[in-house]
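Heads up, data_33.tsv below (TSV, C-alpha atoms):
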chain	number	residue	atom	x	y	z
A	60	MET	CA	-34.80	11.39	69.26
A	61	TRP	CA	-37.77	9.45	67.95
A	62	LYS	CA	-39.52	12.69	67.06
A	63	VAL	CA	-36.50	13.80	65.01
A	64	LEU	CA	-36.36	10.43	63.22
A	65	THR	CA	-40.09	10.53	62.61
A	66	VAL	CA	-39.94	14.03	61.14
A	67	ALA	CA	-36.92	13.07	59.01
A	68	GLY	CA	-38.67	9.93	57.79
A	69	LEU	CA	-41.80	11.88	56.92
A	70	ALA	CA	-39.80	14.51	55.06
A	71	PHE	CA	-37.96	11.76	53.16
A	72	ALA	CA	-41.23	10.10	52.21
A	73	LEU	CA	-42.82	13.37	51.10
A	74	TRP	CA	-39.79	14.36	49.02
A	75	SER	CA	-39.58	10.89	47.45
A	76	GLY	CA	-43.26	11.09	46.59
A	77	TRP	CA	-42.78	14.56	45.11
A	78	TRP	CA	-39.86	13.34	42.99
A	79	TRP	CA	-41.79	10.30	41.80
A	80	LEU	CA	-44.78	12.44	40.81
A	81	GLY	CA	-42.49	14.87	38.97
A	82	ALA	CA	-40.63	12.07	37.18
A	83	ALA	CA	-43.87	10.36	36.16
A	84	GLY	CA	-45.26	13.71	34.99
A	85	HIS	CA	-42.24	14.38	32.79
A	86	GLN	CA	-42.44	10.98	31.16
A	87	LYS	CA	-46.20	11.25	30.63
A	88	ALA	CA	-45.87	14.75	29.18
A	89	TRP	CA	-43.44	13.52	26.52
A	90	GLU	CA	-45.64	10.55	25.69
A	91	LEU	CA	-48.69	12.80	25.30
A	92	TRP	CA	-46.82	15.39	23.25
A	93	LEU	CA	-45.51	12.77	20.83
A	94	ALA	CA	-48.99	11.27	20.55
A	95	ASP	CA	-50.43	14.73	19.84
A	96	ARG	CA	-47.86	15.29	17.11
A	97	GLN	CA	-48.79	11.98	15.50
A	98	ALA	CA	-52.45	12.95	15.64
A	99	ALA	CA	-51.56	16.22	13.90
A	100	GLY	CA	-49.96	14.31	11.02
A	101	TRP	CA	-46.35	14.41	12.13
A	102	ILE	CA	-43.94	11.53	12.19
A	103	ALA	CA	-43.09	11.26	15.90
A	104	GLU	CA	-41.19	8.10	16.76
A	105	ARG	CA	-39.03	7.24	19.76
A	106	GLY	CA	-37.36	4.39	21.55
A	107	ASP	CA	-37.23	4.50	25.33
A	108	ILE	CA	-38.16	7.35	27.65
A	109	THR	CA	-36.37	7.11	30.99
A	110	VAL	CA	-36.27	9.48	33.96
A	111	SER	CA	-33.43	9.53	36.49
A	112	GLY	CA	-31.68	11.91	38.89
A	113	TYR	CA	-33.28	11.13	42.26
A	114	PRO	CA	-33.37	12.94	44.65
A	115	ASN	CA	-32.66	16.47	43.38
A	116	ARG	CA	-32.78	16.15	39.59
A	117	ILE	CA	-35.32	15.07	37.04
A	118	ASP	CA	-33.36	14.09	33.95
A	119	THR	CA	-35.34	12.75	31.00
A	120	THR	CA	-33.59	10.75	28.28
A	121	LEU	CA	-35.21	9.84	24.97
A	122	THR	CA	-33.59	7.41	22.56
A	123	ASP	CA	-33.98	6.89	18.83
A	124	LEU	CA	-36.02	10.08	18.47
A	125	ARG	CA	-37.41	10.97	15.04
A	126	LEU	CA	-39.61	14.01	14.36
A	127	ALA	CA	-40.89	15.22	11.00
A	128	ASP	CA	-43.44	17.87	10.05
A	129	PRO	CA	-44.73	17.03	6.56
A	130	GLU	CA	-46.32	20.46	6.17
A	131	SER	CA	-43.04	22.39	6.54
A	132	GLY	CA	-40.79	19.66	5.16
A	133	TRP	CA	-38.47	19.72	8.18
A	134	ALA	CA	-37.33	16.60	10.03
A	135	TRP	CA	-34.86	15.80	12.80
A	136	SER	CA	-33.54	12.54	14.20
A	137	ALA	CA	-31.07	11.71	16.95
A	138	PRO	CA	-29.95	8.56	18.77
A	139	VAL	CA	-30.40	10.26	22.14
A	140	PHE	CA	-31.74	13.55	23.50
A	141	GLN	CA	-31.76	14.74	27.10
A	142	ILE	CA	-33.80	17.29	29.07
A	143	LEU	CA	-32.16	17.99	32.45
A	144	SER	CA	-33.78	19.92	35.30
A	145	LEU	CA	-33.80	20.38	39.06
A	146	SER	CA	-36.76	18.74	40.74
A	147	TYR	CA	-37.49	21.93	42.71
A	148	LYS	CA	-37.17	24.20	39.63
A	149	PRO	CA	-39.09	22.50	36.83
A	150	ASN	CA	-39.44	25.61	34.64
A	151	HIS	CA	-35.66	25.76	34.06
A	152	VAL	CA	-34.36	23.00	31.82
A	153	ILE	CA	-31.12	22.18	30.03
A	154	ALA	CA	-31.34	20.46	26.64
A	155	VAL	CA	-28.38	18.33	25.55
A	156	TRP	CA	-28.10	17.15	21.96
A	157	PRO	CA	-25.93	14.19	20.98
A	158	GLY	CA	-22.60	14.41	19.22
A	159	ALA	CA	-24.23	13.33	15.95
A	160	GLN	CA	-27.72	13.92	14.57
A	161	LYS	CA	-29.52	14.38	11.25
A	162	ILE	CA	-31.55	17.35	10.01
A	163	SER	CA	-33.66	17.37	6.84
A	164	GLY	CA	-35.41	20.25	5.13
A	165	PRO	CA	-36.76	21.35	1.78
A	166	ALA	CA	-33.18	21.73	0.50
A	167	GLY	CA	-32.03	18.25	1.53
A	168	THR	CA	-30.52	16.30	4.42
A	169	ALA	CA	-27.40	17.05	6.47
A	170	ASP	CA	-25.46	15.20	9.16
A	171	VAL	CA	-24.56	17.43	12.10
A	172	THR	CA	-21.76	16.68	14.56
A	173	ALA	CA	-20.54	18.84	17.44
A	174	GLU	CA	-18.32	18.53	20.49
A	175	THR	CA	-20.82	20.69	22.42
A	176	LEU	CA	-24.42	21.45	21.59
A	177	ARG	CA	-26.58	22.34	24.54
A	178	GLY	CA	-29.16	24.90	25.50
A	179	SER	CA	-30.62	26.37	28.67
A	180	LEU	CA	-34.31	27.30	28.63
A	181	VAL	CA	-36.32	29.10	31.29
A	182	PHE	CA	-40.09	29.14	30.88
A	183	VAL	CA	-42.70	31.31	32.54
A	184	PRO	CA	-44.28	29.02	35.18
A	185	GLU	CA	-47.57	28.45	33.36
A	186	THR	CA	-49.19	25.73	31.26
A	187	ASN	CA	-48.46	27.51	27.96
A	188	LEU	CA	-44.70	27.19	28.60
A	189	THR	CA	-43.99	30.72	27.36
A	190	LEU	CA	-40.26	31.20	26.80
A	191	ASP	CA	-38.68	33.66	29.24
A	192	ARG	CA	-35.05	33.26	28.19
A	193	MET	CA	-32.80	30.85	26.36
A	194	GLN	CA	-29.12	30.29	25.70
A	195	LEU	CA	-27.53	27.99	23.13
A	196	GLU	CA	-23.85	27.01	23.10
A	197	ILE	CA	-22.04	25.36	20.19
A	198	GLU	CA	-18.44	24.17	19.99
A	199	ALA	CA	-16.64	22.50	17.07
A	200	MET	CA	-19.64	21.86	14.81
A	201	SER	CA	-19.57	20.30	11.35
A	202	ILE	CA	-22.48	20.10	8.92
A	203	ASP	CA	-22.13	17.64	6.05
A	204	ALA	CA	-24.65	17.40	3.22
A	205	PRO	CA	-24.28	15.40	0.00
A	206	ASP	CA	-23.28	18.51	-2.01
A	207	TRP	CA	-21.79	20.83	0.58
A	208	SER	CA	-20.23	21.09	4.04
A	209	ALA	CA	-19.57	23.78	6.65
A	210	LYS	CA	-17.66	24.05	9.91
A	211	LEU	CA	-17.90	26.32	12.92
A	212	ASP	CA	-15.42	26.82	15.75
A	213	SER	CA	-17.92	28.24	18.23
A	214	ALA	CA	-21.17	30.13	18.52
A	215	SER	CA	-23.51	31.34	21.22
A	216	PHE	CA	-27.09	32.50	20.91
A	217	ALA	CA	-29.16	34.04	23.69
A	218	THR	CA	-32.63	35.53	23.89
A	219	ARG	CA	-34.71	36.89	26.72
A	220	ARG	CA	-38.05	38.63	27.00
A	221	ALA	CA	-37.59	42.38	26.69
A	222	ALA	CA	-38.43	44.53	29.68
A	223	PRO	CA	-42.10	45.62	29.72
A	224	GLY	CA	-42.58	48.87	27.80
A	225	SER	CA	-39.13	48.76	26.18
A	226	ALA	CA	-40.41	47.36	22.86
A	227	PRO	CA	-43.77	46.79	21.17
A	228	GLY	CA	-45.54	43.44	21.03
A	229	PHE	CA	-44.00	40.23	22.31
A	230	ALA	CA	-40.38	41.34	22.14
A	231	HIS	CA	-37.12	39.50	22.84
A	232	ASP	CA	-33.60	40.84	23.23
A	233	VAL	CA	-31.32	38.70	21.07
A	234	ALA	CA	-27.53	38.27	21.09
A	235	LEU	CA	-25.47	36.19	18.68
A	236	ASN	CA	-21.72	35.56	18.57
A	237	VAL	CA	-20.08	33.46	15.85
A	238	LYS	CA	-16.39	32.65	15.53
A	239	ASN	CA	-14.63	31.16	12.50
A	240	LEU	CA	-17.36	29.93	10.17
A	241	ASP	CA	-15.97	27.88	7.28
A	242	LEU	CA	-18.57	28.55	4.60
A	243	PRO	CA	-19.80	25.96	2.06
A	244	ARG	CA	-17.62	26.14	-1.01
A	245	GLN	CA	-20.54	26.73	-3.38
A	246	PHE	CA	-21.91	29.57	-1.25
A	247	LYS	CA	-18.47	31.15	-0.98
A	248	GLY	CA	-18.01	30.81	-4.73
A	249	ASN	CA	-21.32	32.52	-5.50
A	250	LEU	CA	-20.66	35.28	-3.00
A	251	ASP	CA	-17.02	35.80	-3.91
A	252	PRO	CA	-16.32	34.32	-7.38
A	253	GLN	CA	-12.98	36.13	-7.64
A	254	ASN	CA	-11.83	34.57	-4.33
A	255	VAL	CA	-11.02	37.97	-2.86
A	256	LEU	CA	-12.05	36.93	0.66
A	257	PRO	CA	-10.67	34.15	2.87
A	258	ASP	CA	-12.55	30.86	3.16
A	259	VAL	CA	-13.27	31.43	6.85
A	260	PHE	CA	-15.70	34.10	8.02
A	261	GLU	CA	-13.95	35.27	11.20
A	262	THR	CA	-16.52	36.87	13.49
A	263	ALA	CA	-20.12	38.02	13.70
A	264	ARG	CA	-21.67	39.80	16.67
A	265	VAL	CA	-25.32	40.80	16.80
A	266	ASP	CA	-27.26	42.66	19.50
A	267	LEU	CA	-30.86	43.46	18.64
A	268	THR	CA	-34.46	43.44	19.87
A	269	ILE	CA	-37.12	41.66	17.84
A	270	ALA	CA	-40.82	42.32	18.40
A	271	TYR	CA	-43.21	39.49	17.48
A	272	ASP	CA	-46.94	39.32	16.93
A	273	ALA	CA	-47.34	36.39	19.33
A	274	PRO	CA	-45.41	34.83	22.22
A	275	TRP	CA	-42.93	32.00	21.80
A	276	ASP	CA	-44.66	29.18	23.66
A	277	ARG	CA	-45.63	25.56	23.08
A	278	PHE	CA	-48.27	26.65	20.56
A	279	ALA	CA	-45.50	28.25	18.47
A	280	ILE	CA	-43.80	24.86	18.18
A	281	GLU	CA	-47.00	22.98	17.41
A	282	GLY	CA	-48.61	25.49	15.02
A	283	ARG	CA	-48.16	28.96	13.58
A	284	LYS	CA	-44.79	30.54	14.26
A	285	PRO	CA	-44.66	34.08	15.70
A	286	GLN	CA	-43.79	36.61	13.00
A	287	PRO	CA	-41.53	39.66	13.50
A	288	THR	CA	-43.15	43.09	13.49
A	289	ALA	CA	-40.08	45.26	14.23
A	290	LEU	CA	-36.30	44.98	14.67
A	291	SER	CA	-34.14	47.35	16.66
A	292	VAL	CA	-30.53	46.77	15.62
A	293	LYS	CA	-28.45	48.03	18.54
A	294	ASP	CA	-25.14	46.69	17.27
A	295	LEU	CA	-24.09	44.45	14.39
A	296	GLN	CA	-20.43	43.73	13.65
A	297	LEU	CA	-19.05	41.51	10.90
A	298	THR	CA	-15.41	40.74	10.14
A	299	TRP	CA	-14.45	38.78	7.04
A	300	GLY	CA	-10.90	39.27	5.89
A	301	LYS	CA	-10.48	42.93	4.96
A	302	LEU	CA	-14.21	43.55	5.17
A	303	GLN	CA	-15.41	45.11	8.42
A	304	LEU	CA	-19.01	46.23	8.83
A	305	GLN	CA	-20.94	47.75	11.71
A	306	ALA	CA	-24.64	48.60	11.62
A	307	ARG	CA	-27.32	50.20	13.78
A	308	GLY	CA	-30.88	51.20	13.05
A	309	GLN	CA	-34.61	50.54	13.28
A	310	ILE	CA	-36.59	48.35	10.91
A	311	ASP	CA	-40.33	47.78	10.90
A	312	VAL	CA	-42.28	45.15	8.98
A	313	ASP	CA	-45.11	46.20	6.68
A	314	ALA	CA	-48.41	44.35	6.21
A	315	ALA	CA	-46.89	42.20	3.45
A	316	GLY	CA	-43.86	41.27	5.57
A	317	PHE	CA	-41.25	43.49	3.89
A	318	ALA	CA	-38.65	45.56	5.75
A	319	VAL	CA	-39.32	49.29	6.19
A	320	GLY	CA	-36.78	51.53	7.90
A	321	ASN	CA	-33.14	52.57	8.00
A	322	LEU	CA	-29.74	51.17	8.91
A	323	THR	CA	-26.57	53.19	9.28
A	324	ILE	CA	-23.65	51.04	8.17
A	325	LYS	CA	-20.07	51.88	9.02
A	326	ALA	CA	-17.89	50.18	6.40
A	327	ARG	CA	-14.14	49.82	6.70
A	328	ASN	CA	-12.22	49.03	3.50
A	329	TRP	CA	-15.36	50.01	1.59
A	330	ARG	CA	-13.70	49.88	-1.82
A	331	GLU	CA	-13.04	46.16	-1.34
A	332	ILE	CA	-16.67	45.70	-0.33
A	333	LEU	CA	-17.79	47.25	-3.62
A	334	ASP	CA	-15.31	45.09	-5.54
A	335	VAL	CA	-16.81	41.98	-3.95
A	336	ALA	CA	-20.33	43.23	-4.77
A	337	VAL	CA	-19.36	43.64	-8.43
A	338	ALA	CA	-17.66	40.24	-8.58
A	339	ALA	CA	-20.71	38.59	-7.03
A	340	GLY	CA	-23.01	40.26	-9.54
A	341	TRP	CA	-24.84	42.40	-6.98
A	342	LEU	CA	-23.66	45.62	-8.61
A	343	GLY	CA	-22.78	46.50	-12.17
A	344	GLU	CA	-19.36	47.94	-12.90
A	345	ASP	CA	-20.79	51.31	-13.96
A	346	MET	CA	-22.95	51.53	-10.84
A	347	SER	CA	-19.96	50.62	-8.66
A	348	ASN	CA	-17.85	53.35	-10.24
A	349	GLN	CA	-20.60	55.92	-9.65
A	350	ILE	CA	-20.89	54.88	-6.01
A	351	LYS	CA	-17.13	54.97	-5.55
A	352	SER	CA	-16.94	58.49	-6.94
A	353	GLY	CA	-19.61	59.72	-4.57
A	354	LEU	CA	-18.28	57.91	-1.53
A	355	GLN	CA	-14.68	58.95	-2.10
A	356	LEU	CA	-15.51	62.55	-1.23
A	357	LEU	CA	-17.50	61.54	1.85
A	358	ALA	CA	-14.70	59.28	3.06
A	359	THR	CA	-12.11	62.04	2.60
A	360	LEU	CA	-14.24	64.50	4.56
A	361	SER	CA	-14.65	61.96	7.40
A	362	GLY	CA	-10.88	62.00	8.01
A	363	ASP	CA	-10.38	58.27	7.34
A	364	PRO	CA	-10.49	57.41	3.62
A	365	ARG	CA	-10.85	53.69	4.43
A	366	SER	CA	-14.04	54.10	6.46
A	367	ILE	CA	-17.43	55.57	5.68
A	368	ASP	CA	-20.95	55.74	7.10
A	369	LEU	CA	-23.59	54.51	4.64
A	370	PRO	CA	-27.36	55.09	4.94
A	371	LEU	CA	-29.22	51.93	3.93
A	372	THR	CA	-32.96	52.50	3.46
A	373	PHE	CA	-35.83	50.04	3.04
A	374	ALA	CA	-38.99	51.61	1.60
A	375	ASN	CA	-41.66	50.68	-0.94
A	376	ARG	CA	-40.23	47.14	-1.04
A	377	THR	CA	-36.92	48.53	-2.32
A	378	THR	CA	-33.45	48.65	-0.74
A	379	SER	CA	-31.51	51.86	-1.41
A	380	LEU	CA	-28.05	53.10	-0.55
A	381	GLY	CA	-28.74	56.80	-0.11
A	382	PRO	CA	-30.52	57.83	-3.33
A	383	ILE	CA	-29.31	54.74	-5.25
A	384	PRO	CA	-31.72	51.77	-5.46
A	385	LEU	CA	-29.93	48.43	-4.97
A	386	GLY	CA	-32.77	45.92	-5.30
A	387	PRO	CA	-35.82	44.52	-3.52
A	388	ALA	CA	-36.25	44.94	0.22
A	389	PRO	CA	-35.92	41.73	2.28
A	390	LYS	CA	-39.08	39.88	3.27
A	391	LEU	CA	-38.92	39.18	7.01
A	392	THR	CA	-42.01	37.00	7.51
A	393	THR	CA	-42.78	33.49	6.35
A	394	ASN	CA	-46.50	33.88	5.77
Could you spell out this file's structure in C-alpha cells?
Amino acid sequence: MWKVLTVAGLAFALWSGWWWLGAAGHQKAWELWLADRQAAGWIAERGDITVSGYPNRIDTTLTDLRLADPESGWAWSAPVFQILSLSYKPNHVIAVWPGAQKISGPAGTADVTAETLRGSLVFVPETNLTLDRMQLEIEAMSIDAPDWSAKLDSASFATRRAAPGSAPGFAHDVALNVKNLDLPRQFKGNLDPQNVLPDVFETARVDLTIAYDAPWDRFAIEGRKPQPTALSVKDLQLTWGKLQLQARGQIDVDAAGFAVGNLTIKARNWREILDVAVAAGWLGEDMSNQIKSGLQLLATLSGDPRSIDLPLTFANRTTSLGPIPLGPAPKLTTN
C-alpha cells in the first residue's frame, strides 16, 4: 500500500513540476516576444499575463493587449486574448479572440465584433514554430469603420502543409467558405452602380494550393512575409444573386510578382455578368457587345445558352479573355 502511495505521490509531484515549468515557460515566452517586438520598433503593450488550467491544460490569458508595426502601418488591440493548449501537447494551440477588438491599417481604423472568432493552430514541434495546419472559425461578425461597415454570417478558413512532392516550394492547401457577406455600401456601389445585384454576397467557396518561397513560421510574423510563387486553383465557386461563377486553373508568379497562367471560368447567367462589368466601368459598351456576340454562339453550341466556359489568361502582365485583352494582370506579391 505504501509503495502505491509513494509512486502516486511521486507521479503527482513530477506532473505538477512539469505543469509549473510549462506554465512558467509560456508566460516567459510571451514576455520575451513582446520585449523583442519593442526592441524592433513595434508598439507592444499589455496588461496582465496569467496562466491557468492545472493539471491538464496550459491556458494563457493576456489583457489590454496592443500591438502595432509602424513599418507596415498595421495595429491591433483587444481587451483580452487567450491561447489555450493541453499541457501534454504544447504544439497544438487554440486562439480565442474577444467579442470586440480594434484593427487599424493604412486605410483607417475599424471596430470588429463577433459572436465567435477562434482559431486552431498546430505547429511543427521545433523552435521555429513552423505552421503545420490552421483553422479559423467566424460567426456573426460585424466590421464598423467611420465611413463604412460590413457584416458576415459565417466563414471558415483552413490551411495545411501540402503533402511532400505534391506542390513546389513551401506549399499549403487552402480552403475558404464564406456565407452571406453584407458588403460595404461604397464598395457595392462602385462594383454595381446600377444596383443590379443584391446587397448580400451569398456564398464563396475556394479550394486551392499556394506555393510560397519560405515557410510560415515565427520569422514570418516578425519579419519578411512569405511570398506566393504558384497557385493551383482546384475549385472556386461564387454565388451573388444571379451571378454564378466557377473556376479552375494554374497560375504562376513571375519575377516581378505578376500572375502568369490560365483559369477556365464557367459562368452562369453570363449576360448579366457582362452587364455588371459595363455598369461598373470595367468594360466599354462596344467591347461588351462584341464579347456577347462571340459568346452567344459558344453558349448555343454548349447546349445551355445561360452557361459558358471562358478562358482567362494572364501573360505579359495583361489579363485576357480569349483573344480580348481586359486590363493589367494582378500582382500577387507585396514586395
Quiz item: Neighbours of segment 143-156 of chain A within 9 Å (only C-alpha atoms; same-chain residues fewer than 6 positions away dropped), as a PyMOL selection string?
Solution: chain A and resi 77-78+81-82+112-120+137+173+175-185+188
Exercise. Take atom CA of Leu93 of chain A and atom CA of Gly282 of chain A and report the distance between them in Å, one decimal.
Key: 14.3 Å
Quiz item: Can you list, as a VMD selection string, every protein, DNA or RNA residue that comes within 12 Å of Ile332 of chain A when you count only C-alpha atoms, leaving out same-chain residues fewer than 6 positions away?
Solution: chain A and resid 250 to 251 255 to 256 298 to 304 325 to 326 338 to 339 341 to 342 347 350 to 351 365 to 367
Practice problem: Would you mind listing what lies within 8 Å of Asp294 of chain A as number ranges by chain, with only C-alpha atoms counted and same-chain residues fewer than 5 positions away left out? | Solution: A: 264-267, 305-307
Practice problem: Work out how far atom CA of Glu331 of chain A is from atom CA of Ser291 of chain A, in Å to one decimal. | Solution: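 Between atom CA of Ser291 of chain A and atom CA of Glu331 of chain A the gap is 27.8 Å.
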Quiz item: Which polymer residues, protein or nucleic acid, are no farther than 9 Å from (-38.2, 43.1, 12.1), counting all atoms listed in the file, as a list in words?
Solution: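 Residues with an atom at most 9 Å from (-38.2, 43.1, 12.1): Thr268, Ile269, Ala270, Tyr271, Gln286, Pro287, Thr288, Ala289, Leu290, Ser291, Gln309, Ile310, Asp311, Val312, Gly316, Phe317, Ala318, Val319, Leu391 and Thr392 of chain A.
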